[in-house]
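First the structure, in the form of structure tokens, and then the observations on it.
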Amino acid sequence: MVAFSNKNMASLSAPPGPAGHWFLGSLPDVWHDVLDFYGRSRRQYGDVVRFRAPGRGQWYLITHPTGVEHVLVTNHANYVKGRINAPLKLVVGHGLLTSEGSFWLRQRRLMQPAFHRARLTQLADTMTGAALEVSGRWEKYLGPEEEVDVTREMSRLTLRTVGLALFGTELGRHADGIESALTIAIEHVNYRMMRPYALPEHIPTQRNRRFVHARWALESVVRQLIKQHEGRDGEKGDLLALLLGVRDEETGEGMNRRQLRDEVMTLMLAGHETVAMALSWTWYLLSMHPDAERQLHEELDSILNGHTPTFDDLPNLPYTRMVLEESMRLYPPAWAVSRQPVADDVIGGYHIKGGSPLMMLPFITHRHPEFWDNPEDFDPERFTAENAAKRPKYAYFPFGGGPRLCIGRDFAMMEAQLILATLAQRYRLQLVPGKDVLPLPLITMRPLHKLKMKLAERG
Ligand code: HEM
């Protein structure tokens, strides 16, 4: 597939795609089973597909790595986050994830230093400290009748980590409130993304009232967090101190309240939910693949020999990293990335209309049979340097790419590796038989049902 520019774009044909319902177009298919529908669409129509829905005009699905690279990297200047991402602003406002243009660039440059390698090395102990606390607490769940809700455990752990590492604040006591409010907020944002006709939030339907209340709960945590931190800015050198200390070069003014709230909300939510999902899926996959689990244990035992992992151990734990990468291939926590072209474009030889949203789905591209043998199989060996070099770069993009690449990528990988290494050194997790484990693709990809697992201490 070639992405190219062509002066005579209008002469190119529109991508193929389903006609869908006479009035709702493809929306009912998306509502019914979005992953299955987009997967079938790729198989039936190819790597660029066009969908229609009245009121939304049309939107596209791009699944070929070259097309993904074209949008995210090569021709990124022609793309904005656009209206498909707008519902996210209901929760995170104009934070780094949703802002655009020069404003986004200024904020990105401002925050980038907090994610530099030198800073990350200082955070490793905070991460393993939080993992060790869980390891200690899990002792009481070792009995034969006991089980843990892994998604909940991982969410609490990563929320604590993000609080301590980025904001110098203990968020543990807010964990239950944040989790339930976040679940409502994510479900609502997803609903708004998929239903262009939904009633706006100021109309007090039952759904809207529930959402507004959940958002208020999240906001009150953020407000407390900022308040606690004020007065000691700079002292801790964390990201919040950095944000509080910012001064405009010309006016000398700090970041306004609203912006501060938006950035903290963005980091608190984007920084914990995704890592929690990556780890939850990893525990599930390891329990289903004893060979990979054994290999992981061998690596941990031979390299760590019982000591708590440190930042310096990470390069010597390649299999631990490969397990996580393979888990994010099959269950990418950010399963969809979307953009809107400003002007018309050409992708894969098809005419793409400016202003029409476009979806790129790691979930689909990560299982594209042209780039992955036996794509449904779990096989961490796909991520040896040698095997990875055989694929186009954007056959795998769990963290997006180009200028809007996830700012927390290295933070997330380091955290996930340290947590997995710390806990897998001591425990095995076995899935409690029961309901099928299926993905629930909201903003992040969560397991549909609780992931109940039994703990066993490794001999
Ligand atoms: C496994 C964990 C994670 C995954 C899979 C993930 C995935 C992503 C993806 C795909 C994007 C790009 C979205 C787009 O292009 O539209 C993104 C952006 C972002 N992520 Fe992550 N993320 C993870 C962890 C984190 C962490 C730990 C943080 C913060 C501590 C974070 C903060 C952000 C922010 C602020 C952006 C917006 C960046 C920008 O546009 O400049 N993420 N993430």
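Labels used: A, B, ... for chains in the order of the structure tokens, numbers from 1 for residues in each chain, and numbers from 1 for ligands as shown.
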message = So that I can see what lies close to A:Met328, please list as a VMD selection string the residues with an atom at most 7 Å from it, counting only C-alpha atoms and leaving out residues fewer than 4 positions away in the same chain.
response = chain A and resid 278 324 332 to 333 398
key: Who sits within 10 Å of A:Asp301, only C-alpha atoms, same chain under 4 positions skipped, as a VMD selection string   = chain A and resid 295 to 297 305 to 307 421 424 to 425
task = Please return as a PyMOL selection string: the residues of stretch 227-425 of chain A that backbone DSSP assigns to helix (DSSP H, G or I).
result = chain A and resi 227-229+239-245+257-270+273-288+290-304+311-316+318-330+362-365+380-383+385-389+393-395+402-404+409-425
remark   = Students should find that atom CA of A:Tyr38 and atom 36 (C, counted along the ligand's line) of ligand 1 are spaced 24.4 Å
Neighbour list for stretch 241-245 of chain A as a PDB file with N, CA and C atoms, in the first residue's frame, cut-off 12 Å, only C-alpha atoms, skip fewer than 5 positions in-chain:
```pdb
ATOM      1  N   GLN A 107       2.616  23.228  25.948  1.00  0.00           N
ATOM      2  CA  GLN A 107       2.411  22.365  27.119  1.00  0.00           C
ATOM      3  C   GLN A 107       3.296  21.113  27.038  1.00  0.00           C
ATOM      4  N   ARG A 108       3.432  20.591  25.836  1.00  0.00           N
ATOM      5  CA  ARG A 108       4.232  19.369  25.663  1.00  0.00           C
ATOM      6  C   ARG A 108       5.692  19.646  26.027  1.00  0.00           C
ATOM      7  N   ARG A 109       6.189  20.787  25.542  1.00  0.00           N
ATOM      8  CA  ARG A 109       7.596  21.126  25.825  1.00  0.00           C
ATOM      9  C   ARG A 109       7.796  21.341  27.323  1.00  0.00           C
ATOM     10  N   LEU A 110       6.799  21.886  27.912  1.00  0.00           N
ATOM     11  CA  LEU A 110       6.864  22.159  29.341  1.00  0.00           C
ATOM     12  C   LEU A 110       6.952  20.871  30.167  1.00  0.00           C
ATOM     13  N   MET A 111       6.171  19.886  29.755  1.00  0.00           N
ATOM     14  CA  MET A 111       6.077  18.671  30.577  1.00  0.00           C
ATOM     15  C   MET A 111       7.116  17.611  30.229  1.00  0.00           C
ATOM     16  N   GLN A 112       7.650  17.716  29.025  1.00  0.00           N
ATOM     17  CA  GLN A 112       8.561  16.677  28.556  1.00  0.00           C
ATOM     18  C   GLN A 112       9.701  16.352  29.548  1.00  0.00           C
ATOM     19  N   PRO A 113      10.339  17.377  30.153  1.00  0.00           N
ATOM     20  CA  PRO A 113      11.463  17.058  31.044  1.00  0.00           C
ATOM     21  C   PRO A 113      11.091  16.113  32.187  1.00  0.00           C
ATOM     22  N   ALA A 114       9.836  16.143  32.621  1.00  0.00           N
ATOM     23  CA  ALA A 114       9.434  15.272  33.728  1.00  0.00           C
ATOM     24  C   ALA A 114       9.470  13.802  33.312  1.00  0.00           C
ATOM     25  N   PHE A 115       9.557  13.539  31.995  1.00  0.00           N
ATOM     26  CA  PHE A 115       9.553  12.155  31.516  1.00  0.00           C
ATOM     27  C   PHE A 115      10.901  11.734  30.936  1.00  0.00           C
ATOM     28  N   ALA A 165       4.632   9.307  41.975  1.00  0.00           N
ATOM     29  CA  ALA A 165       5.727   9.636  41.046  1.00  0.00           C
ATOM     30  C   ALA A 165       5.553  11.012  40.404  1.00  0.00           C
ATOM     31  N   LEU A 166       4.318  11.357  40.025  1.00  0.00           N
ATOM     32  CA  LEU A 166       4.146  12.621  39.301  1.00  0.00           C
ATOM     33  C   LEU A 166       3.686  13.767  40.190  1.00  0.00           C
ATOM     34  N   PHE A 167       2.933  13.427  41.248  1.00  0.00           N
ATOM     35  CA  PHE A 167       2.354  14.512  42.048  1.00  0.00           C
ATOM     36  C   PHE A 167       2.852  14.519  43.491  1.00  0.00           C
ATOM     37  N   GLY A 168       3.735  13.599  43.829  1.00  0.00           N
ATOM     38  CA  GLY A 168       4.236  13.540  45.205  1.00  0.00           C
ATOM     39  C   GLY A 168       3.114  13.388  46.218  1.00  0.00           C
ATOM     40  N   THR A 169       2.039  12.701  45.824  1.00  0.00           N
ATOM     41  CA  THR A 169       0.850  12.623  46.682  1.00  0.00           C
ATOM     42  C   THR A 169       0.338  11.191  46.768  1.00  0.00           C
ATOM     43  N   LEU A 225      -5.605  17.625  45.404  1.00  0.00           N
ATOM     44  CA  LEU A 225      -4.216  17.324  45.069  1.00  0.00           C
ATOM     45  C   LEU A 225      -3.415  18.614  44.806  1.00  0.00           C
ATOM     46  N   ILE A 226      -4.033  19.512  44.050  1.00  0.00           N
ATOM     47  CA  ILE A 226      -3.350  20.775  43.725  1.00  0.00           C
ATOM     48  C   ILE A 226      -3.200  21.613  45.004  1.00  0.00           C
ATOM     49  N   LYS A 227      -4.252  21.645  45.798  1.00  0.00           N
ATOM     50  CA  LYS A 227      -4.231  22.466  47.011  1.00  0.00           C
ATOM     51  C   LYS A 227      -3.116  22.011  47.953  1.00  0.00           C
ATOM     52  N   GLN A 228      -3.049  20.687  48.151  1.00  0.00           N
ATOM     53  CA  GLN A 228      -2.006  20.142  49.039  1.00  0.00           C
ATOM     54  C   GLN A 228      -0.621  20.538  48.568  1.00  0.00           C
ATOM     55  N   HIS A 229      -0.497  20.614  47.262  1.00  0.00           N
ATOM     56  CA  HIS A 229       0.824  20.819  46.682  1.00  0.00           C
ATOM     57  C   HIS A 229       1.259  22.272  46.692  1.00  0.00           C
ATOM     58  N   GLU A 230       0.262  23.172  46.649  1.00  0.00           N
ATOM     59  CA  GLU A 230       0.599  24.596  46.589  1.00  0.00           C
ATOM     60  C   GLU A 230       1.326  25.001  47.871  1.00  0.00           C
ATOM     61  N   GLY A 231       2.202  25.908  47.733  1.00  0.00           N
ATOM     62  CA  GLY A 231       2.935  26.340  48.918  1.00  0.00           C
ATOM     63  C   GLY A 231       4.238  25.582  49.083  1.00  0.00           C
ATOM     64  N   ARG A 232       4.284  24.422  48.458  1.00  0.00           N
ATOM     65  CA  ARG A 232       5.562  23.713  48.504  1.00  0.00           C
ATOM     66  C   ARG A 232       6.084  23.468  47.084  1.00  0.00           C
ATOM     67  N   ASP A 233       5.715  24.392  46.142  1.00  0.00           N
ATOM     68  CA  ASP A 233       6.126  24.169  44.750  1.00  0.00           C
ATOM     69  C   ASP A 233       7.650  24.239  44.604  1.00  0.00           C
ATOM     70  N   GLY A 234       8.137  23.392  43.726  1.00  0.00           N
ATOM     71  CA  GLY A 234       9.581  23.359  43.494  1.00  0.00           C
ATOM     72  C   GLY A 234      10.287  22.442  44.469  1.00  0.00           C
ATOM     73  N   GLU A 235       9.750  22.355  45.664  1.00  0.00           N
ATOM     74  CA  GLU A 235      10.433  21.626  46.729  1.00  0.00           C
ATOM     75  C   GLU A 235      10.648  20.149  46.385  1.00  0.00           C
ATOM     76  N   LYS A 236       9.638  19.555  45.737  1.00  0.00           N
ATOM     77  CA  LYS A 236       9.734  18.117  45.484  1.00  0.00           C
ATOM     78  C   LYS A 236      10.256  17.773  44.103  1.00  0.00           C
ATOM     79  N   GLY A 252       4.636  36.907  33.141  1.00  0.00           N
ATOM     80  CA  GLY A 252       5.052  36.416  34.458  1.00  0.00           C
ATOM     81  C   GLY A 252       3.943  35.663  35.185  1.00  0.00           C
ATOM     82  N   GLU A 253       2.828  35.442  34.486  1.00  0.00           N
ATOM     83  CA  GLU A 253       1.712  34.746  35.137  1.00  0.00           C
ATOM     84  C   GLU A 253       1.868  33.238  35.111  1.00  0.00           C
ATOM     85  N   GLY A 254       1.309  32.578  36.114  1.00  0.00           N
ATOM     86  CA  GLY A 254       1.366  31.115  36.156  1.00  0.00           C
ATOM     87  C   GLY A 254       0.262  30.510  35.296  1.00  0.00           C
ATOM     88  N   MET A 255       0.242  29.178  35.262  1.00  0.00           N
ATOM     89  CA  MET A 255      -0.799  28.483  34.505  1.00  0.00           C
ATOM     90  C   MET A 255      -2.138  28.720  35.217  1.00  0.00           C
ATOM     91  N   ASN A 256      -3.197  28.989  34.467  1.00  0.00           N
ATOM     92  CA  ASN A 256      -4.436  29.277  35.197  1.00  0.00           C
ATOM     93  C   ASN A 256      -5.049  27.989  35.772  1.00  0.00           C
ATOM     94  N   ARG A 257      -5.956  28.191  36.712  1.00  0.00           N
ATOM     95  CA  ARG A 257      -6.569  27.088  37.480  1.00  0.00           C
ATOM     96  C   ARG A 257      -7.135  26.005  36.583  1.00  0.00           C
ATOM     97  N   GLN A 259      -6.435  25.305  33.453  1.00  0.00           N
ATOM     98  CA  GLN A 259      -5.445  24.550  32.709  1.00  0.00           C
ATOM     99  C   GLN A 259      -4.723  23.543  33.615  1.00  0.00           C
ATOM    100  N   LEU A 260      -4.439  24.005  34.814  1.00  0.00           N
ATOM    101  CA  LEU A 260      -3.785  23.126  35.777  1.00  0.00           C
ATOM    102  C   LEU A 260      -4.669  21.903  36.062  1.00  0.00           C
ATOM    103  N   ARG A 261      -5.955  22.175  36.253  1.00  0.00           N
ATOM    104  CA  ARG A 261      -6.901  21.088  36.503  1.00  0.00           C
ATOM    105  C   ARG A 261      -6.916  20.097  35.331  1.00  0.00           C
ATOM    106  N   ASP A 262      -6.924  20.647  34.115  1.00  0.00           N
ATOM    107  CA  ASP A 262      -6.995  19.787  32.930  1.00  0.00           C
ATOM    108  C   ASP A 262      -5.745  18.918  32.791  1.00  0.00           C
ATOM    109  N   GLU A 263      -4.584  19.509  33.038  1.00  0.00           N
ATOM    110  CA  GLU A 263      -3.350  18.725  32.885  1.00  0.00           C
ATOM    111  C   GLU A 263      -3.239  17.644  33.969  1.00  0.00           C
ATOM    112  N   VAL A 264      -3.605  18.014  35.192  1.00  0.00           N
ATOM    113  CA  VAL A 264      -3.504  17.027  36.278  1.00  0.00           C
ATOM    114  C   VAL A 264      -4.504  15.896  36.049  1.00  0.00           C
ATOM    115  N   LEU A 267      -3.181  13.577  33.282  1.00  0.00           N
ATOM    116  CA  LEU A 267      -2.078  12.699  33.691  1.00  0.00           C
ATOM    117  C   LEU A 267      -2.541  11.646  34.695  1.00  0.00           C
TER     118      LEU A 267
END
```
query = Contacts of A:Arg195 at 10 Å or less, counting only C-alpha atoms, minus same-chain residues fewer than 2 places along, as number ranges by chain?
reply = A: 27-28, 30-31, 56, 189-193, 197-199
Please dump the current selection as a short mmCIF file (atom, residue, chain, number, x, y, z; two decimals), in the first residue's frame; keep N, CA and C atoms.
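The file below, selection_16.cif, is the result:
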```cif
data_model
loop_
_atom_site.label_atom_id
_atom_site.label_comp_id
_atom_site.auth_asym_id
_atom_site.auth_seq_id
_atom_site.Cartn_x
_atom_site.Cartn_y
_atom_site.Cartn_z
N LEU A 27 -23.51 2.92 11.92
CA LEU A 27 -23.53 3.09 13.39
C LEU A 27 -24.07 1.86 14.14
N PRO A 28 -25.17 1.24 13.68
CA PRO A 28 -25.66 0.07 14.44
C PRO A 28 -24.61 -1.05 14.53
N VAL A 30 -21.36 -0.62 14.60
CA VAL A 30 -20.36 -0.18 15.56
C VAL A 30 -20.90 -0.38 16.98
N TRP A 31 -22.16 -0.05 17.18
CA TRP A 31 -22.75 -0.21 18.52
C TRP A 31 -22.81 -1.68 18.90
N ARG A 56 -23.01 12.54 10.46
CA ARG A 56 -21.58 12.43 10.66
C ARG A 56 -20.88 12.40 9.32
N VAL A 189 -18.07 8.87 28.01
CA VAL A 189 -17.31 9.47 26.91
C VAL A 189 -17.39 8.56 25.68
N ASN A 190 -17.28 7.28 25.93
CA ASN A 190 -17.37 6.32 24.84
C ASN A 190 -18.75 6.38 24.17
N TYR A 191 -19.77 6.47 24.99
CA TYR A 191 -21.15 6.58 24.51
C TYR A 191 -21.30 7.82 23.61
N ARG A 192 -20.72 8.93 24.06
CA ARG A 192 -20.81 10.18 23.28
C ARG A 192 -20.04 10.10 21.97
N MET A 193 -18.91 9.34 22.01
CA MET A 193 -18.13 9.20 20.78
C MET A 193 -18.89 8.41 19.73
N TYR A 197 -25.77 11.72 18.18
CA TYR A 197 -27.04 12.41 18.46
C TYR A 197 -27.35 12.49 19.95
N ALA A 198 -26.42 12.10 20.79
CA ALA A 198 -26.71 12.07 22.24
C ALA A 198 -27.00 13.48 22.77
N LEU A 199 -27.83 13.54 23.81
CA LEU A 199 -28.18 14.84 24.39
C LEU A 199 -27.00 15.41 25.17
#
```
key: Residues near A:Leu358, cut-off 7 Å, only C-alpha atoms, skip fewer than 6 positions along chain, as a PyMOL selection string   = chain A and resi 59-61+338-340
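Note that the spacing between atom CA of A:Thr282 and atom 42 (N, counted along the ligand's line) of ligand 1 amounts to 17.5 Å.
Distance annotation: of A:Leu286, A:Val148, A:Ala334, A:Met154, the residue with the minimal separation from ligand 1 is A:Ala334; atom set is only C-alpha atoms and all ligand atoms.
By chain and then residue number, the residues within 6 Å of stretch 155-163 of chain A are Met127, Phe167, Thr169, Glu170, Leu171, Gly172, Ala175, His272 and Ala276 of chain A, counting only C-alpha atoms and disregarding those fewer than 4 positions away in sequence.
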Serialized selection, C-alpha atoms, as a short mmCIF file (atom, residue, chain, number, x, y, z; two decimals), in the first residue's frame:
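Final file, selection.cif:
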```cif
data_model
loop_
_atom_site.label_atom_id
_atom_site.label_comp_id
_atom_site.auth_asym_id
_atom_site.auth_seq_id
_atom_site.Cartn_x
_atom_site.Cartn_y
_atom_site.Cartn_z
CA MET A 127 7.37 2.07 41.61
CA PHE A 167 2.35 14.51 42.05
CA THR A 169 0.85 12.62 46.68
CA GLU A 170 -0.70 9.49 48.14
CA LEU A 171 -3.81 8.75 46.05
CA GLY A 172 -4.40 5.31 47.60
CA ALA A 175 -8.72 4.77 44.92
CA HIS A 272 -2.83 4.89 35.46
CA ALA A 276 -3.35 -1.12 34.82
#
```
inquiry  = One number please: atom CA of A:Val150 to atom CA of A:Leu451, in Å, one decimal.
reply    = 5.5 Å
message = Need the shell around A:Pro315: protein/DNA/RNA residues with any atom at most 12 Å away, counting only C-alpha atoms. Skip same-chain ones fewer than 2 positions apart. Format as number ranges by chain?
response = A: 299, 303, 309-313, 317-322, 413-414, 417-418
key: Which of A:Glu69, A:Asp125, A:Glu139, A:Asp373 sits closest to A:Pro392 [using only C-alpha atoms]   = A:Glu69
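For the set A:His94, A:His449, A:His32, A:Arg391, the residue with the smallest atom-to-atom gap to ligand 1 is A:His94, counting only C-alpha atoms and all ligand atoms.
Nearest to ligand 1 of all the residues A:Ala385, A:Leu97, A:Val134, A:Ala395 is A:Leu97, based on only C-alpha atoms and all ligand atoms.
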